[in-house]
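Listing of query_21.pdb; format and content: PDB, C-alpha atoms.
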```pdb
ATOM      1  CA  MET A   9     152.800 110.427 117.637
ATOM      2  CA  THR A  10     154.607 107.840 115.542
ATOM      3  CA  PRO A  11     152.632 105.746 113.007
ATOM      4  CA  ASP A  12     153.284 102.600 115.055
ATOM      5  CA  ARG A  13     151.842 104.193 118.183
ATOM      6  CA  PHE A  14     148.872 105.481 116.190
ATOM      7  CA  PHE A  15     147.950 101.941 115.107
ATOM      8  CA  ALA A  16     148.754 100.419 118.489
ATOM      9  CA  LEU A  17     146.389 102.836 120.261
ATOM     10  CA  LEU A  18     143.511 102.261 117.855
ATOM     11  CA  LEU A  19     143.979  98.500 117.903
ATOM     12  CA  ALA A  20     143.977  98.504 121.718
ATOM     13  CA  LEU A  21     140.770 100.570 121.796
ATOM     14  CA  GLN A  22     139.163  98.277 119.231
ATOM     15  CA  THR A  23     139.802  95.126 121.268
ATOM     16  CA  ARG A  24     138.023  96.355 124.431
ATOM     17  CA  GLU A  25     134.910  98.406 125.011
ATOM     18  CA  CYS A  26     136.583 100.665 127.595
ATOM     19  CA  LEU A  27     140.149 101.138 128.785
ATOM     20  CA  THR A  28     141.795 103.435 131.311
ATOM     21  CA  THR A  29     144.635 105.699 130.240
ATOM     22  CA  ALA A  30     146.923 103.646 132.511
ATOM     23  CA  ASP A  31     145.935 100.452 130.640
ATOM     24  CA  LEU A  32     146.631 102.134 127.298
ATOM     25  CA  ALA A  33     149.985 103.465 128.500
ATOM     26  CA  ASP A  34     151.014  99.964 129.613
ATOM     27  CA  GLN A  35     149.972  98.368 126.311
ATOM     28  CA  VAL A  36     151.586 101.003 124.090
ATOM     29  CA  GLY A  37     154.716 101.388 126.247
ATOM     30  CA  VAL A  38     154.598 105.127 126.954
ATOM     31  CA  SER A  39     153.657 107.366 129.868
ATOM     32  CA  THR A  40     150.050 108.182 130.802
ATOM     33  CA  ARG A  41     150.723 111.821 129.945
ATOM     34  CA  THR A  42     151.801 110.826 126.427
ATOM     35  CA  VAL A  43     148.680 108.682 125.981
ATOM     36  CA  VAL A  44     146.429 111.612 126.966
ATOM     37  CA  ARG A  45     148.219 113.845 124.445
ATOM     38  CA  ASP A  46     147.861 111.182 121.732
ATOM     39  CA  LEU A  47     144.153 110.730 122.475
ATOM     40  CA  ARG A  48     143.590 114.469 122.094
ATOM     41  CA  TRP A  49     145.422 114.345 118.767
ATOM     42  CA  LEU A  50     143.156 111.496 117.590
ATOM     43  CA  GLN A  51     140.073 113.456 118.640
ATOM     44  CA  ASP A  52     141.312 116.505 116.748
ATOM     45  CA  ALA A  53     141.948 114.281 113.709
ATOM     46  CA  GLY A  54     138.271 113.264 113.714
ATOM     47  CA  PHE A  55     138.306 109.858 115.407
ATOM     48  CA  PRO A  56     135.195 109.327 117.584
ATOM     49  CA  ILE A  57     136.990 108.775 120.879
ATOM     50  CA  LEU A  58     135.062 109.309 124.120
ATOM     51  CA  ILE A  59     137.031 110.125 127.275
ATOM     52  CA  ARG A  60     135.112 109.935 130.552
ATOM     53  CA  ARG A  61     136.786 111.164 133.728
ATOM     54  CA  GLY A  62     136.203 110.009 137.277
ATOM     55  CA  ARG A  63     136.124 106.725 139.138
ATOM     56  CA  TRP A  64     133.970 104.926 136.555
ATOM     57  CA  GLY A  65     135.479 106.663 133.559
ATOM     58  CA  GLY A  66     137.687 105.427 130.765
ATOM     59  CA  VAL A  67     138.435 105.705 127.071
ATOM     60  CA  SER A  68     136.145 104.244 124.396
ATOM     61  CA  LEU A  69     136.200 104.145 120.607
ATOM     62  CA  LEU A  70     132.672 104.872 119.405
ATOM     63  CA  PRO A  71     131.106 103.156 116.356
ATOM     64  CA  GLY A  72     132.602 104.401 113.102
ATOM     65  CA  GLY A  73     136.114 104.743 114.454
ATOM     66  CA  SER A  74     137.422 101.206 114.104
ATOM     67  CA  LEU A  75     140.394 100.371 111.923
ATOM     68  CA  ASP A  76     139.615  98.031 109.058
ATOM     69  CA  THR A  77     141.729  95.071 110.131
ATOM     70  CA  ALA A  78     139.568  92.372 108.562
ATOM     71  CA  ARG A  79     142.073  91.831 105.730
ATOM     72  CA  LEU A  80     145.088  91.566 108.062
ATOM     73  CA  THR A  81     146.749  88.218 108.705
ATOM     74  CA  PRO A  82     147.651  87.281 112.324
ATOM     75  CA  ASP A  83     151.338  88.025 111.589
ATOM     76  CA  GLU A  84     150.424  91.443 110.162
ATOM     77  CA  ARG A  85     148.347  92.291 113.251
ATOM     78  CA  ASP A  86     151.268  91.149 115.399
ATOM     79  CA  HIS A  87     153.678  93.489 113.622
ATOM     80  CA  LEU A  88     151.285  96.442 113.901
ATOM     81  CA  ALA A  89     151.354  95.941 117.672
ATOM     82  CA  LEU A  90     155.153  96.484 117.759
ATOM     83  CA  ALA A  91     155.452 100.140 118.660
ATOM     84  CA  GLY A  92     158.529 102.260 117.992
ATOM     85  CA  LEU A  93     160.345 100.187 115.351
ATOM     86  CA  ASP A  94     161.443 101.770 112.085
ATOM     87  CA  ASP A  95     161.705  99.955 108.741
ATOM     88  CA  ALA A  96     165.358  99.028 109.295
ATOM     89  CA  GLN A  97     164.580  97.376 112.648
ATOM     90  CA  ARG A  98     161.585  95.512 111.214
ATOM     91  CA  ASP A  99     163.878  94.241 108.495
ATOM     92  CA  GLN A 100     166.356  93.023 111.146
ATOM     93  CA  LEU A 101     163.536  91.074 112.791
ATOM     94  CA  GLY A 102     162.788  89.393 109.483
ATOM     95  CA  GLY A 103     159.235  90.766 109.420
ATOM     96  CA  ARG A 104     159.428  93.971 107.434
ATOM     97  CA  SER A 105     157.207  92.553 104.680
ATOM     98  CA  ASP A 106     154.453  91.712 107.184
ATOM     99  CA  GLY A 107     154.697  95.151 108.798
ATOM    100  CA  ARG A 108     154.762  96.982 105.482
ATOM    101  CA  ARG A 109     151.788  95.034 104.088
ATOM    102  CA  ALA A 110     149.816  95.741 107.266
ATOM    103  CA  LEU A 111     150.539  99.472 107.075
ATOM    104  CA  ASP A 112     149.590  99.526 103.387
ATOM    105  CA  LYS A 113     146.268  97.773 104.068
ATOM    106  CA  VAL A 114     145.077 100.124 106.819
ATOM    107  CA  THR A 115     146.586 103.431 105.627
ATOM    108  CA  PRO A 116     143.972 105.724 104.042
ATOM    109  CA  ARG A 117     144.274 106.069 100.251
ATOM    110  CA  GLY A 118     144.002 109.116  98.066
ATOM    111  CA  ARG A 119     145.057 112.722  98.358
ATOM    112  CA  ALA A 120     143.901 114.991 101.139
ATOM    113  CA  ARG A 121     140.962 117.215 100.238
ATOM    114  CA  PRO A 122     141.418 121.006 100.424
ATOM    115  CA  GLY A 123     141.476 122.022 104.073
ATOM    116  CA  GLN A 124     141.986 118.421 105.255
ATOM    117  CA  SER A 125     145.095 117.505 107.235
ATOM    118  CA  LEU A 126     147.686 115.272 105.596
ATOM    119  CA  PRO A 127     148.038 111.753 107.039
ATOM    120  CA  LEU A 128     150.572 111.534 109.860
ATOM    121  CA  SER A 129     152.427 108.804 107.956
ATOM    122  CA  ALA A 130     153.034 111.291 105.126
ATOM    123  CA  VAL A 131     154.856 113.797 107.323
ATOM    124  CA  VAL A 132     156.682 111.614 109.898
ATOM    125  CA  VAL A 133     159.785 109.523 109.182
ATOM    126  CA  THR A 134     161.405 107.333 111.847
ATOM    127  CA  ASP A 135     165.083 106.363 111.981
ATOM    128  CA  ASN A 136     166.280 105.090 115.351
ATOM    129  CA  ARG A 137     169.972 104.771 114.447
ATOM    130  CA  PRO A 138     172.234 107.071 116.501
ATOM    131  CA  TRP A 139     174.348 109.652 114.687
ATOM    132  CA  PHE A 140     177.859 108.621 113.571
ATOM    133  CA  SER A 141     177.354 105.066 114.772
ATOM    134  CA  ALA A 142     178.983 102.090 113.073
ATOM    135  CA  GLN A 143     176.727  99.332 111.792
ATOM    136  CA  ALA A 144     176.003  96.918 114.624
ATOM    137  CA  GLY A 145     177.438  93.434 114.189
ATOM    138  CA  GLY A 146     176.874  90.179 116.022
ATOM    139  CA  VAL A 147     173.800  87.941 115.940
ATOM    140  CA  GLU A 148     170.884  89.078 113.775
ATOM    141  CA  PRO A 149     167.715  89.355 115.923
ATOM    142  CA  ALA A 150     165.728  87.449 113.274
ATOM    143  CA  ARG A 151     167.861  84.349 113.981
ATOM    144  CA  LEU A 152     167.157  84.497 117.715
ATOM    145  CA  VAL A 153     163.503  85.508 117.761
ATOM    146  CA  GLY A 154     162.213  82.029 116.829
ATOM    147  CA  ASP A 155     163.717  80.427 119.938
ATOM    148  CA  LEU A 156     162.474  83.333 122.071
ATOM    149  CA  ARG A 157     158.903  82.766 120.879
ATOM    150  CA  ARG A 158     159.103  79.135 121.981
ATOM    151  CA  GLY A 159     159.315  80.312 125.617
ATOM    152  CA  VAL A 160     162.239  78.097 126.638
ATOM    153  CA  ARG A 161     165.449  78.651 128.536
ATOM    154  CA  LEU A 162     168.569  79.543 126.557
ATOM    155  CA  ARG A 163     172.171  78.547 127.017
ATOM    156  CA  ILE A 164     174.191  81.466 125.644
ATOM    157  CA  ASN A 165     177.879  81.877 124.845
ATOM    158  CA  TYR A 166     178.441  85.510 125.783
ATOM    159  CA  ARG A 167     181.493  87.748 126.062
ATOM    160  CA  ARG A 168     181.327  90.569 128.572
ATOM    161  CA  ALA A 169     183.112  93.836 127.798
ATOM    162  CA  VAL A 170     185.889  93.026 130.302
ATOM    163  CA  GLU A 171     186.453  89.481 128.998
ATOM    164  CA  ALA A 172     188.621  88.342 126.103
ATOM    165  CA  GLU A 173     186.668  85.120 125.465
ATOM    166  CA  PRO A 174     182.961  84.279 125.750
ATOM    167  CA  THR A 175     181.642  81.930 128.420
ATOM    168  CA  TRP A 176     178.532  79.740 128.522
ATOM    169  CA  GLN A 177     175.669  80.561 130.891
ATOM    170  CA  VAL A 178     171.963  79.716 131.226
ATOM    171  CA  VAL A 179     169.353  82.494 131.151
ATOM    172  CA  ASP A 180     165.572  82.845 131.219
ATOM    173  CA  PRO A 181     164.728  85.187 128.296
ATOM    174  CA  TYR A 182     161.943  87.763 128.245
ATOM    175  CA  GLY A 183     162.604  89.006 124.709
ATOM    176  CA  LEU A 184     164.517  91.583 122.673
ATOM    177  CA  LEU A 185     165.063  95.310 123.198
ATOM    178  CA  ALA A 186     165.865  97.708 120.334
ATOM    179  CA  LYS A 187     167.531 100.816 121.741
ATOM    180  CA  GLY A 188     169.867 103.411 120.238
ATOM    181  CA  GLY A 189     170.402 101.405 117.050
ATOM    182  CA  ARG A 190     171.429  98.289 118.987
ATOM    183  CA  TRP A 191     169.653  95.040 119.897
ATOM    184  CA  TYR A 192     169.746  93.472 123.356
ATOM    185  CA  LEU A 193     168.520  90.202 124.837
ATOM    186  CA  VAL A 194     166.446  90.881 127.972
ATOM    187  CA  ALA A 195     166.724  87.961 130.393
ATOM    188  CA  ASP A 196     166.956  86.846 134.000
ATOM    189  CA  LYS A 197     170.108  85.130 135.204
ATOM    190  CA  GLN A 198     169.398  83.264 138.427
ATOM    191  CA  GLY A 199     166.431  85.562 139.047
ATOM    192  CA  SER A 200     168.319  88.831 138.433
ATOM    193  CA  PRO A 201     167.576  90.978 135.338
ATOM    194  CA  ARG A 202     170.287  91.360 132.693
ATOM    195  CA  LEU A 203     170.787  92.942 129.267
ATOM    196  CA  TYR A 204     172.978  91.070 126.770
ATOM    197  CA  SER A 205     174.165  92.906 123.651
ATOM    198  CA  LEU A 206     173.663  90.804 120.522
ATOM    199  CA  GLU A 207     176.996  92.185 119.281
ATOM    200  CA  ARG A 208     178.773  90.133 121.963
ATOM    201  CA  LEU A 209     176.588  87.035 121.707
ATOM    202  CA  ALA A 210     178.792  84.370 120.085
ATOM    203  CA  ASP A 211     176.303  81.475 120.072
ATOM    204  CA  TRP A 212     173.274  80.054 121.849
ATOM    205  CA  GLU A 213     171.197  76.910 122.100
ATOM    206  CA  PRO A 214     167.599  76.416 123.278
ATOM    207  CA  LEU A 215     167.065  74.048 126.191
ATOM    208  CA  ARG A 216     164.186  71.608 126.573
ATOM    209  CA  VAL A 217     162.771  73.297 129.665
ATOM    210  CA  PRO A 218     160.346  76.237 129.869
ATOM    211  CA  ARG A 219     161.768  79.597 130.878
ATOM    212  CA  ARG A 220     161.257  80.522 134.542
ATOM    213  CA  LEU A 221     160.306  84.190 134.772
ATOM    214  CA  ARG A 222     159.446  86.229 137.823
ATOM    215  CA  PRO A 223     155.619  86.279 138.260
ATOM    216  CA  GLY A 224     153.822  89.300 136.804
ATOM    217  CA  VAL A 225     156.952  90.791 135.189
ATOM    218  CA  THR A 226     157.015  91.656 131.480
ATOM    219  CA  ALA A 227     159.852  92.222 129.012
ATOM    220  CA  ALA A 228     158.954  95.924 128.766
ATOM    221  CA  GLN A 229     159.103  96.350 132.554
ATOM    222  CA  VAL A 230     162.494  94.624 132.837
ATOM    223  CA  ALA A 231     163.950  96.635 129.941
ATOM    224  CA  ALA A 232     162.642  99.916 131.382
ATOM    225  CA  HIS A 233     164.115  99.095 134.800
ATOM    226  CA  LEU A 234     167.535  98.199 133.422
ATOM    227  CA  THR A 235     167.849 101.180 131.056
ATOM    228  CA  ALA A 236     166.640 103.584 133.759
ATOM    229  CA  ASN A 237     169.522 102.372 135.909
ATOM    230  CA  TRP A 238     171.903 103.203 133.068
ATOM    231  CA  GLU A 239     170.719 106.803 132.865
ATOM    232  CA  ASN A 240     170.056 107.569 136.511
ATOM    233  CA  THR A 241     173.220 106.193 138.065
ATOM    234  CA  GLU A 242     174.894 108.663 140.447
ATOM    235  CA  ASN A 243     178.007 106.784 141.490
ATOM    236  CA  LEU A 244     180.190 109.801 140.708
ATOM    237  CA  ARG A 245     179.193 113.388 139.943
ATOM    238  CA  VAL A 246     181.850 115.520 138.274
ATOM    239  CA  ALA A 247     181.489 119.322 138.364
ATOM    240  CA  GLY A 248     183.230 121.788 136.086
ATOM    241  CA  LEU A 249     183.074 124.727 133.681
ATOM    242  CA  LEU A 250     182.460 124.491 129.926
ATOM    243  CA  HIS A 251     182.915 127.199 127.296
ATOM    244  CA  VAL A 252     179.569 128.359 125.890
ATOM    245  CA  THR A 253     180.612 127.468 122.335
ATOM    246  CA  GLN A 254     180.938 123.808 123.335
ATOM    247  CA  VAL A 255     177.605 123.360 125.113
ATOM    248  CA  ASP A 256     175.584 122.058 122.144
ATOM    249  CA  ARG A 257     178.393 119.688 121.126
ATOM    250  CA  ALA A 258     178.708 118.408 124.696
ATOM    251  CA  ARG A 259     174.979 117.729 124.886
ATOM    252  CA  ARG A 260     175.115 115.721 121.645
ATOM    253  CA  ILE A 261     178.080 113.639 122.838
ATOM    254  CA  LEU A 262     177.215 113.168 126.515
ATOM    255  CA  GLY A 263     173.405 113.168 126.361
ATOM    256  CA  THR A 264     171.499 112.837 129.637
ATOM    257  CA  ARG A 265     174.733 112.300 131.587
ATOM    258  CA  LEU A 266     175.396 116.052 131.254
ATOM    259  CA  THR A 267     173.520 118.782 133.124
ATOM    260  CA  VAL A 268     174.353 122.386 132.199
ATOM    261  CA  HIS A 269     173.513 125.047 134.799
ATOM    262  CA  PRO A 270     172.909 128.801 134.378
ATOM    263  CA  PRO A 271     176.155 130.620 133.416
ATOM    264  CA  ALA A 272     178.504 131.918 136.087
ATOM    265  CA  ASP A 273     179.904 134.543 133.696
ATOM    266  CA  GLY A 274     179.756 135.479 130.028
ATOM    267  CA  GLU A 275     181.794 132.566 128.604
ATOM    268  CA  GLN A 276     181.901 129.688 131.102
ATOM    269  CA  MET A 277     178.860 127.578 131.998
ATOM    270  CA  PRO A 278     178.864 125.305 135.063
ATOM    271  CA  PHE A 279     178.074 121.658 134.344
ATOM    272  CA  THR A 280     177.643 118.349 136.132
ATOM    273  CA  LEU A 281     178.600 115.045 134.504
ATOM    274  CA  THR A 282     177.255 111.795 135.948
ATOM    275  CA  CYS A 283     179.783 108.940 135.731
ATOM    276  CA  ARG A 284     179.630 105.288 136.673
ATOM    277  CA  VAL A 285     183.318 105.049 137.532
ATOM    278  CA  LEU A 286     186.252 107.442 137.721
ATOM    279  CA  GLU A 287     187.596 106.305 134.338
ATOM    280  CA  ASP A 288     184.473 107.781 132.674
ATOM    281  CA  VAL A 289     185.902 111.265 133.257
ATOM    282  CA  ARG A 290     187.916 110.615 130.086
ATOM    283  CA  GLN A 291     184.702 111.517 128.195
ATOM    284  CA  LEU A 292     185.691 115.167 128.753
ATOM    285  CA  LEU A 293     189.000 114.848 126.876
ATOM    286  CA  PRO A 294     187.456 115.763 123.471
ATOM    287  CA  PHE A 295     186.818 119.268 124.864
ATOM    288  CA  ALA A 296     190.517 119.837 125.676
ATOM    289  CA  ASP A 297     191.097 123.401 126.958
ATOM    290  CA  GLN A 298     187.417 124.323 126.500
ATOM    291  CA  ALA A 299     186.418 122.471 129.698
ATOM    292  CA  ILE A 300     187.843 122.312 133.195
ATOM    293  CA  VAL A 301     186.865 120.006 136.058
ATOM    294  CA  THR A 302     186.549 121.705 139.449
ATOM    295  CA  ALA A 303     185.500 118.742 141.616
ATOM    296  CA  PRO A 304     186.013 116.145 142.945
ATOM    297  CA  ALA A 305     189.759 116.136 143.499
ATOM    298  CA  GLU A 306     190.216 112.552 142.268
ATOM    299  CA  ALA A 307     188.599 113.461 138.922
ATOM    300  CA  ARG A 308     190.994 116.400 138.483
ATOM    301  CA  ALA A 309     193.960 114.166 139.343
ATOM    302  CA  HIS A 310     192.852 111.499 136.878
ATOM    303  CA  LEU A 311     192.507 114.043 134.076
ATOM    304  CA  ARG A 312     195.998 115.405 134.846
ATOM    305  CA  ASP A 313     197.364 111.866 134.613
ATOM    306  CA  LEU A 314     195.571 111.245 131.300
ATOM    307  CA  ALA A 315     196.867 114.542 129.901
ATOM    308  CA  ALA A 316     200.438 113.757 131.009
ATOM    309  CA  ARG A 317     200.335 110.330 129.359
ATOM    310  CA  THR A 318     198.943 111.896 126.162
ATOM    311  CA  LEU A 319     201.693 114.534 126.164
ATOM    312  CA  ALA A 320     204.327 111.827 126.636
ATOM    313  CA  ARG A 321     203.096 110.048 123.497
ATOM    314  CA  TYR A 322     203.656 113.222 121.440
ATOM    315  CA  SER A 323     206.889 114.382 123.075
ATOM    316  CA  SER A 324     209.158 112.496 120.642
ATOM    317  CA  PRO A 325     209.295 113.310 116.898
TER     318      PRO A 325
END
```
In structure tokens, what does this structure look like?
Amino acid sequence: MTPDRFFALLLALQTRECLTTADLADQVGVSTRTVVRDLRWLQDAGFPILIRRGRWGGVSLLPGGSLDTARLTPDERDHLALAGLDDAQRDQLGGRSDGRRALDKVTPRGRARPGQSLPLSAVVVTDNRPWFSAQAGGVEPARLVGDLRRGVRLRINYRRAVEAEPTWQVVDPYGLLAKGGRWYLVADKQGSPRLYSLERLADWEPLRVPRRLRPGVTAAQVAAHLTANWENTENLRVAGLLHVTQVDRARRILGTRLTVHPPADGEQMPFTLTCRVLEDVRQLLPFADQAIVTAPAEARAHLRDLAARTLARYSSP
């Protein structure tokens, strides 16, 4: 459990006498299974948490288990409720000082007694930046967050990946998403959910009309829906064989898009790569002769064409 989730859980339990695990999962932004595991950890750590099962059950924080939040300012409480952000991302939001002061005020002081467990914050470090990733550019989230908190429509000047120049459009913003070291604006465009990378946001202006969001839909729900579509797309499934020495490297590069199956022989492991479009098969080029695509035929043909064009570039001195 991350320190942010630790505080978010205890603050949620402190605000209401009894909550279901589903309520806690929705507030903290994780699965019910994760919440149950976190609650067991808190019980083991000595927090007086009562879990009652059944139709009339729920989760309660008994007297003596409340966090001392009396000295926290409203902004500090607000930043404690932001789960999953590391120090760098809090700094990008312009609120690292509030978050750090809040953590300092509620974190237990002093050394652990003999036999006592160390605080979780002493043994867990968070850094959400992806490996070998360049520093993200574009609009700083701290500049945009003020207009988002006003709850108005935005007119944004945004350049899509396939466009050379940005174009103006009107959106109804839900908020910001921090994912994989990048920031995204979560918004509806004409009632349809969209993610806009702040790296490609050239400019924006707030309008004098309230945002018009779909009833009962939250920023977390929209972000989860959109990112799930990224990872679960099955427009094209490419099958092939990968040398066993390249499996770990392939998993680091391709992530959840790659599924490695039990080995067919001693050196080659069957794999499946999920692609959005045929051009994505080029992601296998870094593995050169250590990978071979077996199906579909159009993927094999595209790789042959890419290899021929690469060879042509190196054919002259």
List every residue of segment 212-266 of chain A that has an atom at most 10 Å from any atom of segment 30-39 of chain A, giving for each one its closest atom pair and the distance in Å to one decimal, counting all atoms listed in the file, sorted by chain and then by ascending residue number, as a Markdown table.
```
| residue | atom | partner | partner_atom | distance |
| --- | --- | --- | --- | --- |
| A:Ala228 | CA | A:Gly37 | CA | 7.4 |
| A:Gln229 | CA | A:Gly37 | CA | 9.2 |
| A:Ala232 | CA | A:Gly37 | CA | 9.6 |
```
Mind pulling up the distance from atom CA of Arg208 of chain A to atom CA of Glu171 of chain A?
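One can read the atom CA of Glu171 of chain A to atom CA of Arg208 of chain A distance as 10.4 Å.
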Exactly which residues make up the result of the PyMOL selection byres ((chain A and resi 186-202) around 10) on this file, given as number ranges by chain?
A: 92-93, 96-97, 100, 135-139, 141-149, 152-153, 156, 161-162, 177-185, 203-209, 219-222, 227-228, 230-231, 233-235
Can you translate the PyMOL selection byres ((chain A and resi 279) around 6) into the concrete residues it hits in this file, as a PyMOL selection string?
chain A and resi 247-249+267-269+278+280
Do you have the atom CA of Ile164 of chain A-atom CA of Trp176 of chain A distance handy?
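Interatomic distance, atom CA of Ile164 of chain A to atom CA of Trp176 of chain A: 5.5 Å.
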Expansion of the PyMOL selection byres ((chain A and resi 286) around 12) into residues, as a list in words
Glu242, Asn243, Leu244, Arg245, Val246, Leu281, Thr282, Cys283, Arg284, Val285, Glu287, Asp288, Val289, Arg290, Gln291, Leu292, Ala303, Pro304, Ala305, Glu306, Ala307, Arg308, Ala309, His310, Leu311 and Leu314 of chain A
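Proximity to Cys26 of chain A was assessed for A:Arg13, A:Arg321, A:Arg60, A:Arg41 counting all atoms listed in the file; the smallest distance is recorded for A:Arg60.
Distance annotation: of A:Gln22, A:Thr264, A:Gln51, A:Ser323, the residue with the minimal separation from Leu69 of chain A is A:Gln22; atom set is all atoms listed in the file.
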Which residue, A:Val67, A:Leu50, A:Val44, A:Leu27, has the smallest gap to Phe14 of chain A when you use only C-alpha atoms?
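Of A:Val67, A:Leu50, A:Val44, A:Leu27, the one nearest Phe14 of chain A, counting only C-alpha atoms, is A:Leu50.
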So how far away is atom CA of Glu173 of chain A from atom CA of Arg216 of chain A, in Å?
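Atom-to-atom, atom CA of Arg216 of chain A to atom CA of Glu173 of chain A, that is 26.3 Å.
Proximity of A:Leu47, A:Ala16, A:Ala210, A:Leu293 to Gly66 of chain A, computed with all atoms listed in the file, is greatest for A:Leu47.
Of the residues listed (A:Arg63, A:Arg151, A:Arg24, A:His251), A:His251 shows the shortest atom-to-atom separation from Asp297 of chain A; distances use all atoms listed in the file.
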